[in-house]
file my_file35.txt (compact mmCIF, C-alpha atoms)
# COMPACT_ATOMS: atom_id res chain seq x y z
CA MET A 297 72.91 239.20 201.06
CA THR A 298 72.31 239.87 204.74
CA THR A 299 75.19 238.95 207.05
CA ARG A 300 74.13 237.73 210.49
CA ILE A 301 76.67 238.66 213.15
CA LEU A 302 76.73 237.37 216.73
CA PRO A 303 78.96 239.35 219.15
CA ALA A 304 80.35 237.57 222.20
CA VAL A 305 81.37 240.36 224.56
CA GLY A 306 81.56 240.20 228.34
CA ASP A 307 81.93 243.93 229.00
CA ALA A 308 78.65 245.88 228.72
CA ASP A 309 80.27 249.10 227.45
CA ALA A 310 82.29 247.24 224.83
CA ALA A 311 79.14 245.33 223.78
CA ARG A 312 77.22 248.58 223.17
CA SER A 313 80.12 250.06 221.21
CA ILE A 314 80.53 246.97 219.02
CA THR A 315 76.79 246.58 218.40
CA SER A 316 76.48 250.24 217.46
CA LEU A 317 79.26 249.99 214.90
CA LEU A 318 77.99 246.68 213.52
CA SER A 319 74.57 248.20 212.90
CA GLN A 320 76.21 250.71 210.56
CA LEU A 321 77.69 248.03 208.32
CA PRO A 322 75.84 247.53 205.01
CA ASP A 323 73.56 244.46 204.89
CA ALA A 324 74.55 243.54 208.46
CA GLU A 325 72.13 242.01 210.95
CA PRO A 326 73.81 242.08 214.40
CA ALA A 327 72.24 239.86 217.05
CA GLN A 328 71.90 240.64 220.72
CA PRO A 329 75.38 240.16 222.28
CA VAL A 330 76.02 237.13 224.48
CA GLY A 331 77.97 237.81 227.64
CA ASP A 332 80.05 234.68 228.19
CA SER A 333 81.50 231.63 226.48
CA THR A 334 78.83 229.33 227.90
CA SER A 335 75.97 231.33 226.41
CA LEU A 336 77.74 231.45 223.05
CA ILE A 337 78.27 227.69 222.79
CA ASP A 338 74.75 226.96 224.06
CA LEU A 339 73.18 229.30 221.50
CA LEU A 340 75.25 228.00 218.59
CA SER A 341 74.43 224.40 219.60
CA GLN A 342 70.73 225.21 219.67
CA LEU A 343 70.84 226.90 216.26
CA ALA A 344 72.94 224.12 214.70
CA GLY A 345 70.48 221.56 216.03
CA GLU A 346 67.70 223.27 214.10
CA SER A 347 69.58 223.74 210.82
CA LEU A 348 72.96 224.72 209.44
CA ASP A 349 71.28 227.74 207.85
CA GLU A 350 70.23 229.03 211.28
CA LEU A 351 73.83 229.66 212.34
CA PRO A 352 75.18 233.23 212.02
CA GLU A 353 77.74 233.77 209.30
CA VAL A 354 80.08 235.66 211.63
CA VAL A 355 80.86 235.48 215.35
CA LEU A 356 82.87 238.26 216.99
CA VAL A 357 84.80 237.14 220.10
CA HIS A 358 86.04 239.90 222.39
CA GLU A 359 89.45 239.34 224.00
CA ARG A 360 88.00 239.63 227.52
CA ILE A 361 85.24 237.08 227.05
CA GLY A 362 85.12 234.50 229.84
CA PRO A 363 85.31 232.22 231.62
CA VAL A 364 86.95 230.24 228.78
CA PRO A 365 89.82 232.31 227.31
CA ALA A 366 89.17 233.87 223.91
CA LEU A 367 91.60 231.70 221.92
CA GLU A 368 90.29 228.50 223.52
CA LEU A 369 86.74 229.60 222.75
CA ILE A 370 87.65 230.33 219.14
CA ARG A 371 89.18 226.88 218.84
CA GLU A 372 86.04 225.22 220.20
CA VAL A 373 83.73 227.20 217.90
CA ALA A 374 85.93 226.45 214.89
CA LEU A 375 85.95 222.72 215.69
CA ARG A 376 82.25 222.37 216.44
CA PHE A 377 80.81 224.90 214.00
CA PRO A 378 83.22 225.11 211.04
CA ALA A 379 80.62 226.90 208.90
CA VAL A 380 80.88 229.98 211.14
CA GLY A 381 83.56 232.61 210.53
CA VAL A 382 85.10 233.74 213.82
CA ILE A 383 86.80 237.10 214.30
CA LEU A 384 88.86 238.05 217.36
CA VAL A 385 88.44 241.60 218.69
CA THR A 386 91.54 242.62 220.65
CA ALA A 387 93.71 245.56 221.65
CA ASP A 388 96.82 243.47 220.95
CA ALA A 389 97.23 243.32 217.18
CA SER A 390 100.76 241.93 217.36
CA PRO A 391 101.97 239.35 214.82
CA GLY A 392 102.28 236.79 217.63
CA LEU A 393 98.64 237.06 218.65
CA TYR A 394 97.53 237.17 215.03
CA SER A 395 99.35 233.91 214.38
CA ALA A 396 97.89 232.31 217.53
CA ALA A 397 94.37 233.40 216.53
CA MET A 398 94.77 231.91 213.06
CA ASP A 399 96.11 228.67 214.54
CA SER A 400 93.01 228.52 216.75
CA GLY A 401 90.72 228.80 213.74
CA ALA A 402 89.89 232.52 213.56
CA ARG A 403 89.14 234.00 210.15
CA GLY A 404 90.43 237.43 211.09
CA LEU A 405 91.49 239.86 213.80
CA VAL A 406 90.17 243.37 214.46
CA GLY A 407 92.12 245.80 216.62
CA LEU A 408 90.79 248.04 219.37
CA PRO A 409 89.69 250.80 219.24
CA LEU A 410 87.44 249.64 216.43
CA SER A 411 87.75 251.12 212.98
CA TYR A 412 84.72 251.04 210.67
CA GLU A 413 86.82 250.24 207.60
CA GLU A 414 88.76 247.42 209.26
CA LEU A 415 85.66 245.90 210.86
CA ALA A 416 83.72 246.02 207.57
CA GLN A 417 86.61 244.39 205.71
CA ARG A 418 87.05 241.56 208.22
CA VAL A 419 83.32 240.87 208.53
CA GLN A 420 82.89 240.81 204.76
CA ALA A 421 85.80 238.38 204.32
CA ALA A 422 84.59 236.05 207.12
CA ALA A 423 81.03 236.11 205.78
CA ALA A 424 82.16 235.28 202.25
CA TRP A 425 84.20 232.37 203.60
CA SER A 426 81.21 231.13 205.64
CA VAL A 427 78.90 231.25 202.62
CA GLY A 428 81.43 229.26 200.59
CA VAL A 429 81.68 226.57 203.27
CA ARG A 430 77.89 226.27 203.49
CA ARG A 431 77.61 225.95 199.75
CA HIS A 432 80.17 223.17 199.92
CA LEU A 433 78.23 221.45 202.70
CA GLY A 434 75.02 221.82 200.73
CA GLN A 435 76.54 219.72 197.95
CA GLY A 436 76.73 216.73 200.28
CA ALA A 437 80.34 217.00 201.34
CA ASP A 438 81.25 214.80 204.27
CA VAL A 439 82.26 217.66 206.56
CA PHE A 440 81.34 217.87 210.23
CA SER A 441 78.96 220.78 210.74
CA GLY A 442 76.82 220.01 213.77
CA PRO A 443 77.08 220.77 217.46
CA GLY A 444 79.08 217.61 218.10
CA GLY A 445 78.65 214.46 220.10
CA LYS A 446 77.08 214.37 223.53
CA VAL A 447 79.52 214.59 226.46
CA VAL A 448 78.64 213.00 229.81
CA THR A 449 80.91 213.13 232.85
CA VAL A 450 80.59 210.64 235.72
CA SER A 451 82.04 211.74 239.07
CA GLY A 452 81.97 210.11 242.49
CA ALA A 453 80.93 211.81 245.70
CA LYS A 454 83.78 209.86 247.35
CA GLY A 455 85.91 206.85 246.58
CA GLY A 456 84.35 203.42 246.24
CA VAL A 457 80.83 204.46 245.22
CA GLY A 458 80.95 202.72 241.82
CA THR A 459 81.87 205.63 239.54
CA THR A 460 83.99 203.65 237.08
CA LEU A 461 81.59 200.72 236.88
CA ILE A 462 78.71 203.05 236.01
CA ALA A 463 80.81 204.97 233.46
CA VAL A 464 81.84 201.73 231.76
CA GLN A 465 78.28 200.41 231.57
CA LEU A 466 76.93 203.74 230.28
CA ALA A 467 79.49 203.63 227.47
CA LEU A 468 78.65 200.00 226.68
CA ALA A 469 74.95 200.84 226.55
CA ALA A 470 75.53 203.72 224.14
CA GLN A 471 77.74 201.61 221.87
CA ALA A 472 75.30 198.69 221.92
CA SER A 473 72.53 200.98 220.68
CA GLY A 474 74.56 201.90 217.61
CA MET A 475 76.11 205.15 218.86
CA SER A 476 79.82 205.55 218.16
CA THR A 477 81.21 205.89 221.70
CA VAL A 478 84.48 206.72 223.41
CA LEU A 479 85.13 206.23 227.14
CA VAL A 480 87.71 208.62 228.62
CA ASP A 481 89.49 207.84 231.89
CA LEU A 482 90.11 211.25 233.46
CA ASP A 483 90.85 209.83 236.91
CA LEU A 484 94.43 210.68 236.04
CA GLN A 485 96.26 209.32 239.08
CA ALA A 486 94.16 206.27 239.88
CA GLY A 487 92.21 205.43 236.73
CA ASP A 488 90.95 201.84 236.52
CA VAL A 489 88.98 201.80 233.27
CA ALA A 490 91.61 199.60 231.59
CA SER A 491 91.41 197.11 234.47
CA TYR A 492 87.61 196.94 234.30
CA VAL A 493 87.66 195.90 230.62
CA ASP A 494 90.94 193.92 230.54
CA VAL A 495 92.75 196.21 228.09
CA GLN A 496 96.44 197.04 227.88
CA HIS A 497 97.38 200.02 225.73
CA ARG A 498 100.63 201.97 225.77
CA ARG A 499 99.04 205.27 224.78
CA SER A 500 97.12 207.57 227.13
CA ILE A 501 95.61 211.03 227.30
CA VAL A 502 99.06 212.37 228.25
CA ASP A 503 100.15 211.75 224.65
CA LEU A 504 97.59 214.35 223.53
CA ALA A 505 98.34 216.95 226.19
CA SER A 506 101.12 218.76 224.33
CA ILE A 507 99.64 218.57 220.83
CA GLN A 508 98.25 221.86 219.55
CA ASP A 509 96.26 220.47 216.63
CA ILE A 510 94.62 217.11 217.34
CA THR A 511 93.84 215.59 213.95
CA PRO A 512 91.77 212.41 213.34
CA ARG A 513 95.03 210.57 212.61
CA VAL A 514 96.50 211.62 215.96
CA LEU A 515 93.33 210.46 217.75
CA GLN A 516 93.47 207.15 215.95
CA ASP A 517 97.02 206.56 217.18
CA VAL A 518 96.22 207.34 220.83
CA VAL A 519 92.67 205.99 221.31
CA TYR A 520 92.28 202.25 221.80
CA SER A 521 89.68 200.97 219.35
CA GLY A 522 89.86 197.19 219.64
CA ASP A 523 86.99 194.77 220.24
CA LYS A 524 87.85 193.89 223.85
CA ALA A 525 85.74 196.64 225.39
CA GLY A 526 82.58 195.85 223.48
CA LYS A 527 83.79 198.03 220.58
CA VAL A 528 83.83 201.10 222.84
CA ALA A 529 86.85 203.27 222.03
CA LEU A 530 89.05 204.05 225.05
CA LEU A 531 91.21 207.04 225.93
CA LEU A 532 93.01 205.86 229.04
CA ALA A 533 94.65 207.50 232.04
CA PRO A 534 98.46 207.37 232.25
CA ALA A 535 99.99 204.25 233.77
CA ASP A 536 102.29 206.45 235.86
CA GLY A 537 100.18 208.62 238.15
CA GLU A 538 102.82 211.34 238.46
CA ARG A 539 102.25 212.22 234.80
CA ALA A 540 98.77 213.44 235.65
CA GLU A 541 100.08 216.98 236.12
CA GLU A 542 100.95 217.09 232.40
CA VAL A 543 97.23 217.18 231.58
CA ASN A 544 95.81 220.64 232.25
CA ASP A 545 92.44 222.26 231.58
CA ARG A 546 93.52 223.62 228.18
CA ALA A 547 94.54 220.14 227.02
CA VAL A 548 91.26 218.62 228.25
CA ARG A 549 89.16 221.21 226.44
CA GLN A 550 91.02 220.55 223.23
CA VAL A 551 90.80 216.77 223.61
CA ILE A 552 87.05 216.83 224.32
CA SER A 553 86.38 219.18 221.40
CA ALA A 554 88.28 216.81 219.11
CA LEU A 555 86.54 213.70 220.47
CA ARG A 556 83.04 215.10 220.11
CA THR A 557 83.65 215.78 216.41
CA LYS A 558 84.46 212.08 215.88
CA TYR A 559 82.13 210.26 218.30
CA GLU A 560 78.41 210.56 218.93
CA THR A 561 78.83 209.85 222.64
CA VAL A 562 81.74 210.78 224.91
CA VAL A 563 81.59 209.28 228.43
CA ILE A 564 84.20 210.59 230.88
CA ASP A 565 85.13 208.97 234.19
CA CYS A 566 86.21 211.96 236.33
CA GLY A 567 86.96 210.00 239.50
CA THR A 568 86.41 211.62 242.90
CA VAL A 569 89.20 214.21 243.23
CA LEU A 570 88.58 217.58 241.60
CA ASN A 571 91.43 219.13 239.65
CA SER A 572 91.72 221.59 236.77
CA ALA A 573 91.56 218.81 234.18
CA ASN A 574 88.31 217.13 235.21
CA ALA A 575 86.82 220.51 236.21
CA ALA A 576 87.19 221.57 232.57
CA ALA A 577 85.46 218.36 231.47
CA ILE A 578 82.55 218.93 233.86
CA GLU A 579 82.24 222.50 232.58
CA MET A 580 82.01 221.32 228.97
CA ALA A 581 79.69 218.39 229.61
CA ASP A 582 76.13 218.21 228.32
CA ARG A 583 75.31 216.02 231.33
CA ALA A 584 77.24 215.92 234.62
CA VAL A 585 76.48 212.80 236.68
CA LEU A 586 77.39 212.57 240.37
CA VAL A 587 77.32 209.10 241.92
CA THR A 588 76.43 208.58 245.57
CA THR A 589 75.31 205.73 247.80
CA PRO A 590 72.36 206.00 250.22
CA ASP A 591 74.31 206.49 253.43
CA VAL A 592 74.89 209.57 255.57
CA ILE A 593 78.65 209.92 254.99
CA THR A 594 78.44 209.65 251.21
CA VAL A 595 75.42 211.92 250.85
CA ARG A 596 77.29 214.54 252.90
CA ALA A 597 80.23 214.08 250.52
CA ALA A 598 77.88 214.57 247.57
CA LYS A 599 76.56 217.79 249.08
CA ARG A 600 80.13 218.93 249.66
CA MET A 601 81.08 218.17 246.05
CA VAL A 602 78.06 220.00 244.66
CA GLY A 603 78.89 223.00 246.84
CA LEU A 604 82.46 222.98 245.53
CA TRP A 605 81.29 222.88 241.92
CA THR A 606 78.90 225.76 242.61
CA ARG A 607 81.47 227.98 244.36
CA LEU A 608 83.98 227.46 241.55
CA GLN A 609 81.21 228.09 239.00
CA ILE A 610 81.90 224.74 237.36
CA ARG A 611 78.25 223.66 237.40
CA LYS A 612 75.14 224.62 239.31
CA ALA A 613 73.47 222.11 241.62
CA GLU A 614 70.24 222.07 239.62
CA GLU A 615 72.24 221.22 236.47
CA THR A 616 73.78 218.12 238.06
CA VAL A 617 72.24 214.63 237.87
CA THR A 618 72.77 212.59 241.04
CA VAL A 619 72.58 208.81 240.68
CA VAL A 620 71.92 206.69 243.76
CA ASN A 621 73.99 203.51 243.57
CA ARG A 622 73.58 200.40 245.76
CA TYR A 623 70.01 201.36 246.40
CA ILE A 624 67.95 199.30 248.88
CA ARG A 625 64.21 199.82 249.20
CA ASN A 626 64.14 199.78 252.98
CA THR A 627 67.09 202.13 253.55
CA GLU A 628 66.33 205.27 255.54
CA ILE A 629 67.92 207.55 252.93
CA GLN A 630 65.72 207.51 249.85
CA PRO A 631 66.36 209.36 246.54
CA PRO A 632 63.92 212.22 247.31
CA LEU A 633 65.90 212.96 250.47
CA VAL A 634 69.16 212.91 248.48
CA GLN A 635 67.62 215.40 246.06
CA LYS A 636 66.54 217.67 248.91
CA ILE A 637 69.94 217.56 250.63
CA THR A 638 72.10 218.09 247.53
CA GLY A 639 69.78 220.40 245.59
CA THR A 640 70.46 218.36 242.45
CA LYS A 641 68.24 216.45 240.04
CA VAL A 642 68.13 212.82 241.17
CA ALA A 643 67.93 210.33 238.32
CA GLY A 644 64.67 208.45 237.98
CA VAL A 645 66.63 205.18 237.91
CA ALA A 646 68.41 204.04 241.09
CA ILE A 647 71.07 201.32 240.77
CA PRO A 648 70.23 198.37 243.04
CA SER A 649 72.71 196.83 245.43
CA ASN A 650 73.77 193.39 244.18
CA PHE A 651 77.53 192.93 244.25
CA LYS A 652 77.20 189.16 244.11
CA GLU A 653 76.22 189.25 240.44
CA LEU A 654 79.06 191.70 239.70
CA GLN A 655 81.90 189.99 241.55
CA ALA A 656 82.95 187.50 238.88
CA SER A 657 83.09 190.15 236.15
CA VAL A 658 84.85 192.68 238.38
CA ASP A 659 87.49 190.18 239.55
CA ALA A 660 88.10 189.06 235.97
CA GLY A 661 88.24 192.63 234.72
CA ARG A 662 85.57 191.87 232.14
CA MET A 663 82.67 194.23 232.82
CA GLN A 664 81.73 193.98 229.14
CA ASP A 665 80.84 190.32 229.75
CA LEU A 666 78.32 191.03 232.51
CA GLU A 667 75.16 189.06 231.83
CA ALA A 668 72.28 190.94 230.25
CA ARG A 669 69.89 189.68 232.94
CA ALA A 670 71.99 191.24 235.73
CA VAL A 671 69.77 193.75 237.52
CA VAL A 672 72.64 196.21 237.97
CA LYS A 673 73.36 196.19 234.24
CA GLN A 674 69.69 196.59 233.41
CA ALA A 675 69.43 199.57 235.74
CA VAL A 676 72.54 201.32 234.37
CA TRP A 677 71.42 200.77 230.79
CA ALA A 678 68.02 202.21 231.72
CA LEU A 679 69.90 205.17 233.18
CA ALA A 680 71.66 205.53 229.82
CA GLY A 681 68.24 205.85 228.24
CA GLU A 682 67.22 208.50 230.76
CA LEU A 683 70.40 210.45 230.00
CA GLU A 684 69.64 210.14 226.27
CA LEU A 685 72.85 208.25 225.54
CA VAL A 686 71.12 205.59 223.45
CA ARG A 687 69.04 205.86 220.32
CA ARG A 688 65.43 206.55 221.20
CA GLU A 689 64.08 203.33 219.70
CA ASP A 690 66.61 201.33 221.72
CA GLN A 691 65.93 202.88 225.10
CA PRO A 692 65.12 200.15 227.65
CA GLU A 693 62.18 200.48 229.94
CA LYS A 694 63.00 201.63 233.44
CA PRO A 695 63.11 198.93 236.11
CA ALA A 696 60.08 198.62 238.32
CA GLY A 697 62.16 199.71 241.32
CA ARG A 698 62.91 203.18 239.94
CA ALA A 699 63.37 205.97 242.45
CA ARG A 700 60.37 208.13 243.18
CA GLY A 701 60.24 211.85 243.56
CA SER A 702 62.86 212.72 240.95
CA ASP A 703 62.56 215.53 238.47
CA ARG A 704 64.35 214.95 235.19
CA GLY A 705 64.26 218.43 233.66
CA SER A 706 67.01 219.68 231.36
CA PHE A 707 70.62 220.08 232.30
CA GLY A 708 72.74 222.87 230.81
CA LEU A 709 76.43 223.65 231.30
CA ARG A 710 78.18 226.37 233.18
CA LYS A 711 81.75 227.55 232.92
CA ARG A 712 84.19 228.53 235.56
CA SER A 713 85.37 232.12 235.85
call {"tool": "encode", "arguments": {"input": "my_file35.txt", "output": "structure tokens"}}
result
Amino acid sequence: MTTRILPAVGDADAARSITSLLSQLPDAEPAQPVGDSTSLIDLLSQLAGESLDELPEVVLVHERIGPVPALELIREVALRFPAVGVILVTADASPGLYSAAMDSGARGLVGLPLSYEELAQRVQAAAAWSVGVRRHLGQGADVFSGPGGKVVTVSGAKGGVGTTLIAVQLALAAQASGMSTVLVDLDLQAGDVASYVDVQHRRSIVDLASIQDITPRVLQDVVYSGDKAGKVALLLAPADGERAEEVNDRAVRQVISALRTKYETVVIDCGTVLNSANAAAIEMADRAVLVTTPDVITVRAAKRMVGLWTRLQIRKAEETVTVVNRYIRNTEIQPPLVQKITGTKVAGVAIPSNFKELQASVDAGRMQDLEARAVVKQAVWALAGELELVRREDQPEKPAGRARGSDRGSFGLRKRS
């Protein structure tokens, strides 16, 4: 049997050395190395979307892969693609690192400099394990094996632009179409998702921050899953803002990886202040939405935010979807101008300005009860269709007042170095 091996190596010299040795292994079919964690996850997601059989049996992760650290990357691959055997390649073969690699989901560890015998042994063992898992999956076992649920982050160019309202309605639209959905409040110091849907829950994302292995039972205990929020599951921000610092980028990556294995849609309210936690979420997202309003100050803030994301290598401008909220037809700043200024993709649906129809629901904290005929709700739910958050047959038609001059395109993800 041919063993397909995908090396993930950031260093060019190390990649050539590893590929050369892999090509000498019997019945081995090494693929072209990928140079960073983003490319690896994107490629595996693409292959898994086609078929489980398209995935390589073995993935080699070099210790200096980036920008996501090797152990975090191994954990994400193991969670999202459990039919793939992952091997860590490292110069540190200490028992401590070996234990950490196994805890992250690796199937083996190979020391540097590489030894033919050790590499062959580890690859053979990981490949045999992968084949066994796929045989098990082929018998109809209920085991997660796909690329995971879709993750969408919603960020505001500045405060007060409607970020939380749009995030809530996107989640409600996804759930209403039959997609299992969780809404995460990652505005850690000033999150208002609970207030928008009239929910009180003593657990928050802080309760997951220190847990190394987030099991379905742990998620069930922390995530609110009542009927108040239109059956949308909620992972809330801490009630005490000072606890925000307990949630770091490592915790967020682990939480998102766990959520996407359980839910088809993960909507994350990232607020307006960038920190390591929501930066990690934006990095991992399949879609990153930036909300602005059609005024000079806010559009400048949107441009500033996009520039910050680009400089930190969180996400490129062309891979960001900008949504124009409180849109008025006769305003001087139209969506095509926003697209030109920010360099982003502007959504084809603009959210009209009509606070009067929102006020009663906002004041009552019951955004889930907003009338279906409300033009703001119709626009946001149409936006959900454009972002592919609802099942295709349930996608609403776009309102007649959609923004012109937008280019939908596809939106990938980029990691931070």
call {"tool": "residues_around", "arguments": {"input": "my_file35.txt", "residues": "Ala327 of chain A", "least_positions_apart": "5", "cutoff": "10 Å", "atoms": "only C-alpha atoms", "output": "list in words"}}
result
Arg300, Ile301, Leu302, Pro303, Ala304, Thr315, Leu318, Ser319, Pro352 and Val355 of chain A
call {"tool": "closest_residue", "arguments": {"input": "my_file35.txt", "among": "A:Gly603, A:Gly526, A:Pro534, A:Pro631", "to": "Arg662 of chain A", "atoms": "all atoms listed in the file"}}
result
A:Gly526
call {"tool": "closest_residue", "arguments": {"input": "my_file35.txt", "among": "A:Gln320, A:Thr298, A:Thr616, A:Ser400", "to": "Asp582 of chain A", "atoms": "all atoms listed in the file"}}
result
A:Thr616
call {"tool": "atom_distance", "arguments": {"input": "my_file35.txt", "atom1": "atom CA of Gly392 of chain A", "atom2": "atom CA of Ala424 of chain A"}}
result
25.4 Å
call {"tool": "closest_residue", "arguments": {"input": "my_file35.txt", "among": "A:Leu340, A:Gln674, A:Val480, A:Pro632", "to": "Asn650 of chain A", "atoms": "all atoms listed in the file"}}
result
A:Gln674
call {"tool": "atom_distance", "arguments": {"input": "my_file35.txt", "atom1": "atom CA of Pro590 of chain A", "atom2": "atom CA of Val658 of chain A"}}
result
21.8 Å
